[in-house]
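Pasting start-v4.cif here (mmCIF, N, CA and C atoms):
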```cif
data_entry
loop_
_atom_site.label_atom_id
_atom_site.label_comp_id
_atom_site.auth_asym_id
_atom_site.auth_seq_id
_atom_site.Cartn_x
_atom_site.Cartn_y
_atom_site.Cartn_z
N MET A 11 62.06 108.38 125.15
CA MET A 11 63.08 107.79 124.32
C MET A 11 64.28 108.72 124.25
N LEU A 12 65.46 108.17 124.45
CA LEU A 12 66.69 108.94 124.40
C LEU A 12 67.10 109.16 122.95
N GLU A 13 67.28 110.41 122.57
CA GLU A 13 67.69 110.71 121.21
C GLU A 13 69.19 110.94 121.18
N ARG A 14 69.83 110.36 120.16
CA ARG A 14 71.26 110.54 119.96
C ARG A 14 71.50 110.94 118.51
N PRO A 15 72.51 111.76 118.28
CA PRO A 15 72.81 112.11 116.88
C PRO A 15 73.35 110.88 116.15
N LEU A 16 73.03 110.78 114.90
CA LEU A 16 73.49 109.69 114.07
C LEU A 16 74.38 110.27 112.99
N THR A 17 75.62 109.81 112.92
CA THR A 17 76.55 110.25 111.90
C THR A 17 76.63 109.18 110.82
N VAL A 18 76.42 109.57 109.59
CA VAL A 18 76.41 108.63 108.48
C VAL A 18 77.47 109.03 107.47
N TYR A 19 78.27 108.08 107.04
CA TYR A 19 79.31 108.31 106.04
C TYR A 19 78.67 108.33 104.67
N ASN A 20 78.98 109.33 103.87
CA ASN A 20 78.44 109.46 102.52
C ASN A 20 79.46 108.88 101.54
N PRO A 21 79.21 107.70 100.97
CA PRO A 21 80.20 107.09 100.08
C PRO A 21 80.40 107.87 98.79
N GLY A 22 79.50 108.82 98.49
CA GLY A 22 79.67 109.65 97.30
C GLY A 22 80.78 110.68 97.47
N ASN A 23 81.16 110.97 98.69
CA ASN A 23 82.23 111.92 98.99
C ASN A 23 83.26 111.22 99.86
N PRO A 24 84.27 110.60 99.26
CA PRO A 24 85.23 109.82 100.06
C PRO A 24 85.96 110.69 101.07
N ASN A 25 86.32 110.06 102.18
CA ASN A 25 87.06 110.75 103.23
C ASN A 25 88.42 111.18 102.70
N THR A 26 88.77 112.42 102.93
CA THR A 26 90.09 112.91 102.55
C THR A 26 90.87 113.41 103.76
N LYS A 27 90.24 113.36 104.94
CA LYS A 27 90.92 113.79 106.17
C LYS A 27 91.89 112.71 106.62
N THR A 28 92.98 113.14 107.24
CA THR A 28 93.97 112.22 107.75
C THR A 28 93.40 111.46 108.95
N VAL A 29 93.64 110.17 108.95
CA VAL A 29 93.13 109.28 110.00
C VAL A 29 94.25 109.03 111.00
N SER A 30 93.96 109.31 112.28
CA SER A 30 94.97 109.09 113.31
C SER A 30 94.60 107.95 114.26
N ARG A 31 93.32 107.52 114.23
CA ARG A 31 92.88 106.45 115.12
C ARG A 31 91.74 105.68 114.49
N VAL A 32 91.78 104.37 114.62
CA VAL A 32 90.66 103.52 114.21
C VAL A 32 90.29 102.61 115.37
N VAL A 33 89.01 102.29 115.44
CA VAL A 33 88.52 101.39 116.48
C VAL A 33 87.75 100.28 115.79
N ALA A 34 88.20 99.04 115.99
CA ALA A 34 87.53 97.87 115.45
C ALA A 34 86.58 97.33 116.51
N ASP A 35 85.30 97.49 116.29
CA ASP A 35 84.29 97.05 117.24
C ASP A 35 83.80 95.67 116.84
N LYS A 36 84.17 94.66 117.62
CA LYS A 36 83.82 93.27 117.31
C LYS A 36 82.31 93.04 117.39
N ASP A 37 81.63 93.70 118.32
CA ASP A 37 80.20 93.49 118.50
C ASP A 37 79.37 94.04 117.35
N THR A 38 79.71 95.22 116.87
CA THR A 38 78.93 95.83 115.78
C THR A 38 79.51 95.52 114.41
N GLU A 39 80.68 94.86 114.38
CA GLU A 39 81.37 94.54 113.13
C GLU A 39 81.53 95.79 112.27
N THR A 40 82.06 96.83 112.93
CA THR A 40 82.26 98.12 112.29
C THR A 40 83.64 98.65 112.64
N LEU A 41 84.29 99.26 111.67
CA LEU A 41 85.55 99.95 111.90
C LEU A 41 85.25 101.44 111.92
N TYR A 42 85.49 102.08 113.06
CA TYR A 42 85.25 103.51 113.23
C TYR A 42 86.57 104.25 113.02
N VAL A 43 86.53 105.33 112.26
CA VAL A 43 87.73 106.05 111.84
C VAL A 43 87.66 107.50 112.35
N TYR A 44 88.75 107.94 113.00
CA TYR A 44 88.78 109.26 113.64
C TYR A 44 89.95 110.09 113.13
N ASP A 45 89.77 111.42 113.15
CA ASP A 45 90.84 112.33 112.76
C ASP A 45 91.65 112.76 113.98
N ASP A 46 92.57 113.73 113.79
CA ASP A 46 93.43 114.20 114.88
C ASP A 46 92.65 114.84 116.02
N ALA A 47 91.47 115.39 115.73
CA ALA A 47 90.64 116.01 116.76
C ALA A 47 89.73 114.97 117.44
N ASP A 48 89.93 113.71 117.11
CA ASP A 48 89.13 112.58 117.63
C ASP A 48 87.66 112.70 117.23
N THR A 49 87.44 113.24 116.04
CA THR A 49 86.10 113.34 115.46
C THR A 49 85.88 112.15 114.54
N LEU A 50 84.75 111.50 114.66
CA LEU A 50 84.42 110.39 113.77
C LEU A 50 84.28 110.93 112.36
N ILE A 51 85.06 110.37 111.42
CA ILE A 51 85.01 110.87 110.04
C ILE A 51 84.56 109.81 109.05
N ALA A 52 84.55 108.54 109.45
CA ALA A 52 84.09 107.47 108.56
C ALA A 52 83.86 106.20 109.38
N SER A 53 83.09 105.30 108.81
CA SER A 53 82.93 103.97 109.40
C SER A 53 82.76 102.99 108.26
N TYR A 54 83.24 101.78 108.48
CA TYR A 54 83.21 100.75 107.44
C TYR A 54 82.70 99.44 108.03
N PRO A 55 81.87 98.71 107.30
CA PRO A 55 81.52 97.37 107.76
C PRO A 55 82.78 96.51 107.72
N THR A 56 82.92 95.62 108.70
CA THR A 56 84.15 94.84 108.80
C THR A 56 83.89 93.47 109.40
N THR A 57 84.86 92.62 109.23
CA THR A 57 84.91 91.34 109.94
C THR A 57 86.12 91.45 110.86
N VAL A 58 85.92 91.14 112.14
CA VAL A 58 87.00 91.25 113.12
C VAL A 58 87.15 89.91 113.82
N GLY A 59 88.20 89.16 113.46
CA GLY A 59 88.50 87.90 114.13
C GLY A 59 87.40 86.86 114.02
N SER A 60 87.54 85.83 114.83
CA SER A 60 86.56 84.75 114.89
C SER A 60 86.71 84.03 116.22
N THR A 61 85.85 83.10 116.47
CA THR A 61 85.96 82.32 117.70
C THR A 61 87.23 81.49 117.69
N ALA A 62 87.53 80.88 116.55
CA ALA A 62 88.71 80.02 116.43
C ALA A 62 90.01 80.82 116.45
N THR A 63 90.01 81.99 115.82
CA THR A 63 91.20 82.83 115.77
C THR A 63 90.81 84.27 116.14
N PRO A 64 90.71 84.55 117.43
CA PRO A 64 90.28 85.88 117.86
C PRO A 64 91.31 86.96 117.54
N SER A 65 90.81 88.17 117.47
CA SER A 65 91.69 89.33 117.28
C SER A 65 92.42 89.62 118.58
N PRO A 66 93.54 90.34 118.47
CA PRO A 66 94.21 90.75 119.71
C PRO A 66 93.33 91.75 120.45
N THR A 67 93.69 92.05 121.65
CA THR A 67 92.97 93.06 122.42
C THR A 67 93.87 94.28 122.57
N GLY A 68 93.30 95.35 123.03
CA GLY A 68 94.09 96.53 123.33
C GLY A 68 94.35 97.42 122.13
N THR A 69 95.38 98.26 122.28
CA THR A 69 95.72 99.26 121.28
C THR A 69 97.08 98.95 120.67
N HIS A 70 97.15 99.06 119.35
CA HIS A 70 98.37 98.81 118.59
C HIS A 70 98.57 99.98 117.64
N THR A 71 99.65 99.99 116.90
CA THR A 71 99.89 101.06 115.94
C THR A 71 100.13 100.48 114.55
N VAL A 72 99.95 101.34 113.55
CA VAL A 72 100.24 100.95 112.17
C VAL A 72 101.75 100.83 112.03
N ALA A 73 102.21 99.72 111.48
CA ALA A 73 103.65 99.49 111.31
C ALA A 73 104.08 99.54 109.85
N VAL A 74 103.17 99.15 108.94
CA VAL A 74 103.51 99.11 107.52
C VAL A 74 102.23 99.26 106.70
N LYS A 75 102.36 99.89 105.53
CA LYS A 75 101.22 100.04 104.62
C LYS A 75 101.65 99.58 103.23
N VAL A 76 100.89 98.64 102.66
CA VAL A 76 101.27 98.08 101.36
C VAL A 76 100.06 98.03 100.44
N HIS A 77 100.22 98.61 99.26
CA HIS A 77 99.21 98.48 98.21
C HIS A 77 99.64 97.32 97.32
N GLU A 78 98.73 96.44 97.00
CA GLU A 78 99.01 95.23 96.19
C GLU A 78 100.05 94.33 96.87
N PRO A 79 99.76 93.83 98.07
CA PRO A 79 100.72 92.99 98.78
C PRO A 79 100.77 91.55 98.25
N ASN A 80 101.91 90.91 98.44
CA ASN A 80 102.01 89.47 98.28
C ASN A 80 101.37 88.84 99.51
N TYR A 81 101.04 87.56 99.43
CA TYR A 81 100.55 86.83 100.59
C TYR A 81 101.38 85.56 100.71
N THR A 82 102.00 85.37 101.87
CA THR A 82 102.80 84.17 102.09
C THR A 82 101.97 83.15 102.82
N TYR A 83 101.76 82.01 102.17
CA TYR A 83 101.00 80.90 102.76
C TYR A 83 102.00 79.89 103.31
N THR A 84 101.85 79.55 104.58
CA THR A 84 102.75 78.60 105.22
C THR A 84 101.94 77.46 105.83
N ALA A 85 102.35 76.23 105.51
CA ALA A 85 101.72 75.04 106.09
C ALA A 85 102.69 73.87 105.98
N ASN A 86 102.68 73.05 107.00
CA ASN A 86 103.50 71.82 107.00
C ASN A 86 104.96 72.10 106.65
N ASP A 87 105.56 73.07 107.29
CA ASP A 87 106.98 73.42 107.11
C ASP A 87 107.33 73.84 105.68
N SER A 88 106.36 74.25 104.90
CA SER A 88 106.65 74.80 103.58
C SER A 88 105.81 76.05 103.38
N SER A 89 106.25 76.88 102.47
CA SER A 89 105.50 78.10 102.21
C SER A 89 105.61 78.47 100.75
N PHE A 90 104.64 79.21 100.29
CA PHE A 90 104.72 79.76 98.95
C PHE A 90 104.04 81.12 98.95
N ILE A 91 104.40 81.91 97.95
CA ILE A 91 103.91 83.28 97.87
C ILE A 91 102.84 83.39 96.81
N LEU A 92 101.69 83.93 97.21
CA LEU A 92 100.63 84.22 96.26
C LEU A 92 100.84 85.65 95.77
N PRO A 93 100.71 85.90 94.48
CA PRO A 93 100.96 87.24 93.95
C PRO A 93 99.87 88.23 94.35
N PRO A 94 100.18 89.53 94.21
CA PRO A 94 99.20 90.56 94.51
C PRO A 94 97.98 90.46 93.59
N GLY A 95 96.89 91.03 94.06
CA GLY A 95 95.67 91.10 93.26
C GLY A 95 94.45 91.04 94.15
N PRO A 96 93.29 91.39 93.60
CA PRO A 96 92.08 91.45 94.41
C PRO A 96 91.61 90.10 94.94
N ASN A 97 92.07 89.00 94.34
CA ASN A 97 91.68 87.68 94.82
C ASN A 97 92.69 87.09 95.81
N ASN A 98 93.74 87.83 96.10
CA ASN A 98 94.71 87.46 97.11
C ASN A 98 93.96 87.38 98.46
N PRO A 99 94.30 86.47 99.36
CA PRO A 99 93.58 86.35 100.63
C PRO A 99 93.50 87.63 101.46
N VAL A 100 94.46 88.55 101.28
CA VAL A 100 94.38 89.83 101.99
C VAL A 100 93.93 90.95 101.05
N GLY A 101 93.40 90.59 99.89
CA GLY A 101 92.90 91.58 98.97
C GLY A 101 93.98 92.46 98.40
N SER A 102 93.65 93.71 98.15
CA SER A 102 94.58 94.61 97.48
C SER A 102 95.31 95.56 98.43
N VAL A 103 95.09 95.40 99.74
CA VAL A 103 95.73 96.29 100.73
C VAL A 103 96.13 95.49 101.97
N TRP A 104 97.31 95.80 102.50
CA TRP A 104 97.74 95.29 103.81
C TRP A 104 98.24 96.47 104.63
N ILE A 105 97.59 96.70 105.78
CA ILE A 105 98.04 97.69 106.75
C ILE A 105 98.45 96.89 107.99
N GLY A 106 99.74 96.60 108.08
CA GLY A 106 100.25 95.76 109.15
C GLY A 106 100.34 96.52 110.46
N LEU A 107 100.08 95.81 111.55
CA LEU A 107 100.09 96.42 112.88
C LEU A 107 101.37 96.10 113.64
N SER A 108 101.57 96.82 114.73
CA SER A 108 102.72 96.57 115.60
C SER A 108 102.62 95.20 116.26
N LYS A 109 101.46 94.60 116.28
CA LYS A 109 101.27 93.23 116.76
C LYS A 109 101.54 92.33 115.55
N PRO A 110 102.67 91.61 115.54
CA PRO A 110 103.05 90.83 114.36
C PRO A 110 101.95 89.88 113.86
N SER A 111 101.83 89.80 112.56
CA SER A 111 100.90 88.96 111.79
C SER A 111 99.45 89.43 111.83
N TYR A 112 99.18 90.59 112.43
CA TYR A 112 97.83 91.15 112.44
C TYR A 112 97.81 92.44 111.63
N GLY A 113 96.68 92.69 110.99
CA GLY A 113 96.57 93.91 110.22
C GLY A 113 95.15 94.21 109.79
N ILE A 114 95.03 95.27 109.03
CA ILE A 114 93.79 95.66 108.37
C ILE A 114 94.02 95.35 106.91
N HIS A 115 93.08 94.64 106.29
CA HIS A 115 93.30 94.27 104.89
C HIS A 115 92.00 94.14 104.13
N GLY A 116 92.14 94.01 102.82
CA GLY A 116 91.00 93.83 101.95
C GLY A 116 90.51 92.39 101.97
N SER A 117 89.58 92.08 101.09
CA SER A 117 88.99 90.75 101.04
C SER A 117 88.69 90.36 99.59
N PRO A 118 88.96 89.11 99.22
CA PRO A 118 88.57 88.66 97.89
C PRO A 118 87.06 88.40 97.79
N ASP A 119 86.36 88.41 98.92
CA ASP A 119 84.91 88.16 98.95
C ASP A 119 84.19 89.31 99.63
N PRO A 120 84.02 90.45 98.96
CA PRO A 120 83.42 91.61 99.63
C PRO A 120 81.99 91.37 100.10
N ASP A 121 81.27 90.48 99.45
CA ASP A 121 79.89 90.21 99.86
C ASP A 121 79.80 89.45 101.18
N ARG A 122 80.94 88.97 101.67
CA ARG A 122 80.95 88.21 102.93
C ARG A 122 81.46 89.03 104.12
N ILE A 123 81.77 90.31 103.91
CA ILE A 123 82.19 91.16 105.02
C ILE A 123 81.06 91.18 106.05
N SER A 124 81.40 91.05 107.29
CA SER A 124 80.48 90.97 108.45
C SER A 124 79.75 89.63 108.52
N ARG A 125 80.03 88.73 107.59
CA ARG A 125 79.36 87.42 107.59
C ARG A 125 80.36 86.25 107.64
N GLN A 126 81.63 86.57 107.62
CA GLN A 126 82.65 85.54 107.60
C GLN A 126 83.60 85.73 108.78
N ALA A 127 84.43 84.77 109.01
CA ALA A 127 85.44 84.89 110.06
C ALA A 127 86.72 85.42 109.44
N SER A 128 87.59 85.94 110.28
CA SER A 128 88.93 86.30 109.83
C SER A 128 89.90 85.63 110.79
N ALA A 129 91.15 85.58 110.40
CA ALA A 129 92.17 84.95 111.24
C ALA A 129 92.73 85.96 112.23
N GLY A 130 91.84 86.76 112.83
CA GLY A 130 92.25 87.73 113.83
C GLY A 130 92.44 89.14 113.30
N CYS A 131 92.48 89.29 111.99
CA CYS A 131 92.69 90.60 111.39
C CYS A 131 91.38 91.36 111.25
N ILE A 132 91.50 92.60 110.78
CA ILE A 132 90.36 93.44 110.46
C ILE A 132 90.19 93.37 108.95
N ARG A 133 89.11 92.77 108.50
CA ARG A 133 88.88 92.56 107.07
C ARG A 133 87.84 93.56 106.56
N LEU A 134 88.21 94.29 105.49
CA LEU A 134 87.34 95.26 104.85
C LEU A 134 87.14 94.87 103.38
N THR A 135 86.20 95.53 102.71
CA THR A 135 86.14 95.37 101.25
C THR A 135 87.43 95.97 100.69
N ASN A 136 87.83 95.56 99.51
CA ASN A 136 89.04 96.11 98.90
C ASN A 136 88.93 97.62 98.71
N TRP A 137 87.75 98.10 98.32
CA TRP A 137 87.62 99.55 98.08
C TRP A 137 87.66 100.34 99.38
N ASP A 138 87.12 99.80 100.47
CA ASP A 138 87.22 100.49 101.76
C ASP A 138 88.66 100.46 102.28
N ALA A 139 89.33 99.32 102.12
CA ALA A 139 90.73 99.21 102.55
C ALA A 139 91.61 100.17 101.76
N LEU A 140 91.36 100.30 100.47
CA LEU A 140 92.14 101.22 99.64
C LEU A 140 91.88 102.67 100.05
N ALA A 141 90.62 103.01 100.33
CA ALA A 141 90.30 104.36 100.79
C ALA A 141 91.01 104.67 102.11
N LEU A 142 91.04 103.70 103.02
CA LEU A 142 91.71 103.89 104.30
C LEU A 142 93.23 104.00 104.11
N LEU A 143 93.79 103.19 103.26
CA LEU A 143 95.23 103.21 103.01
C LEU A 143 95.69 104.60 102.60
N GLY A 144 94.89 105.30 101.81
CA GLY A 144 95.27 106.61 101.31
C GLY A 144 95.29 107.71 102.35
N VAL A 145 94.65 107.50 103.51
CA VAL A 145 94.55 108.59 104.49
C VAL A 145 95.02 108.23 105.90
N ILE A 146 95.32 106.97 106.17
CA ILE A 146 95.73 106.60 107.52
C ILE A 146 97.19 106.98 107.76
N LYS A 147 97.46 107.58 108.92
CA LYS A 147 98.82 107.99 109.28
C LYS A 147 99.70 106.76 109.50
N ASP A 148 101.00 106.94 109.27
CA ASP A 148 101.95 105.85 109.47
C ASP A 148 101.97 105.32 110.89
N ASP A 149 101.67 106.18 111.86
CA ASP A 149 101.71 105.77 113.26
C ASP A 149 100.33 105.79 113.92
N ALA A 150 99.28 105.68 113.12
CA ALA A 150 97.91 105.71 113.66
C ALA A 150 97.71 104.58 114.66
N THR A 151 96.84 104.82 115.63
CA THR A 151 96.52 103.77 116.60
C THR A 151 95.34 102.95 116.11
N VAL A 152 95.36 101.67 116.45
CA VAL A 152 94.30 100.73 116.09
C VAL A 152 93.86 100.03 117.37
N GLU A 153 92.62 100.26 117.76
CA GLU A 153 92.09 99.70 118.98
C GLU A 153 91.10 98.57 118.65
N PHE A 154 91.19 97.50 119.41
CA PHE A 154 90.24 96.39 119.30
C PHE A 154 89.31 96.44 120.49
N LYS A 155 88.00 96.48 120.23
CA LYS A 155 87.01 96.50 121.32
C LYS A 155 86.08 95.32 121.15
#
```
Whole structure given in structure tokens:
Amino acid sequence: MLERPLTVYNPGNPNTKTVSRVVADKDTETLYVYDDADTLIASYPTTVGSTATPSPTGTHTVAVKVHEPNYTYTANDSSFILPPGPNNPVGSVWIGLSKPSYGIHGSPDPDRISRQASAGCIRLTNWDALALLGVIKDDATVEFK
């Protein structure tokens, strides 16, 4: 049997290292977080895209970071803005990517992470998204695998 080291994130000690790269793994439904030395420093359960609305492929960068974002809902040539809050469709955090309309965000339904679809974005629990928001670099890379 091949033995491999297992790295486990301790939620009792939140990550305080600066994040320069994240990898969204669609198969394992996990977001892997790396520092400047490309060392794995955290991982989070996630929902990445869906069959109906897949995530983009390749590597993108962080373009904007917002705590308590508004959410603009658009349908049938009209739109309205939902106010910030944990029940907002993007939760309490929006980390927008260089690929327009895609990002890393929270969820109003944390119990459904890894069990629900997303509209192509990387969906985390609100507390994981908030933890990431505090340490991710403005120009960090985001890879979809």
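Atom to atom, atom CA of Tyr42 of chain A and atom CA of Gly130 of chain A stand 17.3 Å apart.
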Using Å and a single decimal, report how far atom CA of Pro79 of chain A sits from atom CA of Val100 of chain A.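 A separation of 7.8 Å between them.
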Residue with smallest distance to Lys147 of chain A - pool A:Leu50, A:Leu92, A:Leu134, A:Val72, counting only N, CA and C atoms: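 Using only N, CA and C atoms, the shortest distance to Lys147 of chain A belongs to A:Val72.
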So that I can check the secondary structure, give me every residue of segment 34-152 of chain A assigned strand (DSSP E or B) by backbone DSSP, as an MDAnalysis selection string. chainID A and resid 34:35 40:44 50:55 57:58 68:77 81:85 88:92 103:107 113:115 132:133 146:152
Skipping near chain neighbours, those fewer than 3 positions away, what residues fall within 6 Å of segment 94-99 of chain A using all atoms listed in the file, listed as a ChimeraX atom specification? /A:78-81,102,116-118
Using DSSP assignments from the backbone, pull out every residue in segment 13-146 of chain A that falls under alpha helix (DSSP H) and give it to me as a list in words.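 DSSP-assigned alpha helix (DSSP H) residues in segment 13-146 of chain A: Asn136, Trp137, Asp138, Ala139, Leu140, Ala141, Leu142 and Leu143 of chain A.
The space separating atom CA of Gly106 of chain A from atom C of Ala139 of chain A comes to 12.2 Å.
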With all atoms listed in the file as the basis for distance, which of A:Ala150, A:Ile123, A:Leu142, A:Ala62 is at the shortest distance from Ser30 of chain A? A:Ala150
As a list in words, please: the residues near Tyr54 of chain A (cut-off 6.5 Å, all atoms listed in the file, same-chain neighbours under 5 positions excluded).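 In the requested format, the answer is Glu39, Thr40, Leu41, Tyr42 and Val43 of chain A.
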Nearest-residue call for Lys109 of chain A, choices A:Thr38, A:Thr82, A:Ser88, A:Thr151, using only C-alpha atoms: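 Using only C-alpha atoms, Lys109 of chain A sits closest to A:Thr151.
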Dump of segment 80-106 of chain A from preceding block, C-alpha atoms, as a PDB file, in the first residue's frame:
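Generated file (selection11.pdb):
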```pdb
ATOM      1  CA  ASN A  80     -25.347  43.356  -2.637  1.00  0.00           C
ATOM      2  CA  TYR A  81     -26.738  40.813  -5.090  1.00  0.00           C
ATOM      3  CA  THR A  82     -28.253  41.981  -8.367  1.00  0.00           C
ATOM      4  CA  TYR A  83     -30.969  39.669  -9.650  1.00  0.00           C
ATOM      5  CA  THR A  84     -31.768  40.048 -13.342  1.00  0.00           C
ATOM      6  CA  ALA A  85     -34.598  38.328 -15.218  1.00  0.00           C
ATOM      7  CA  ASN A  86     -36.907  39.223 -18.086  1.00  0.00           C
ATOM      8  CA  ASP A  87     -35.192  42.558 -18.835  1.00  0.00           C
ATOM      9  CA  SER A  88     -35.605  43.779 -15.259  1.00  0.00           C
ATOM     10  CA  SER A  89     -33.384  43.650 -12.238  1.00  0.00           C
ATOM     11  CA  PHE A  90     -33.456  44.387  -8.569  1.00  0.00           C
ATOM     12  CA  ILE A  91     -30.878  44.499  -5.816  1.00  0.00           C
ATOM     13  CA  LEU A  92     -31.022  42.226  -2.809  1.00  0.00           C
ATOM     14  CA  PRO A  93     -29.373  43.784   0.263  1.00  0.00           C
ATOM     15  CA  PRO A  94     -26.301  42.360   1.992  1.00  0.00           C
ATOM     16  CA  GLY A  95     -26.645  39.678   4.625  1.00  0.00           C
ATOM     17  CA  PRO A  96     -26.060  35.989   5.283  1.00  0.00           C
ATOM     18  CA  ASN A  97     -29.249  35.008   3.429  1.00  0.00           C
ATOM     19  CA  ASN A  98     -28.180  36.874   0.295  1.00  0.00           C
ATOM     20  CA  PRO A  99     -27.641  34.354  -2.580  1.00  0.00           C
ATOM     21  CA  VAL A 100     -23.876  35.006  -2.433  1.00  0.00           C
ATOM     22  CA  GLY A 101     -23.811  35.014   1.358  1.00  0.00           C
ATOM     23  CA  SER A 102     -21.681  37.494   3.235  1.00  0.00           C
ATOM     24  CA  VAL A 103     -18.626  37.511   0.915  1.00  0.00           C
ATOM     25  CA  TRP A 104     -17.966  38.051  -2.792  1.00  0.00           C
ATOM     26  CA  ILE A 105     -14.467  37.499  -4.206  1.00  0.00           C
ATOM     27  CA  GLY A 106     -14.928  38.359  -7.869  1.00  0.00           C
TER      28      GLY A 106
END
```
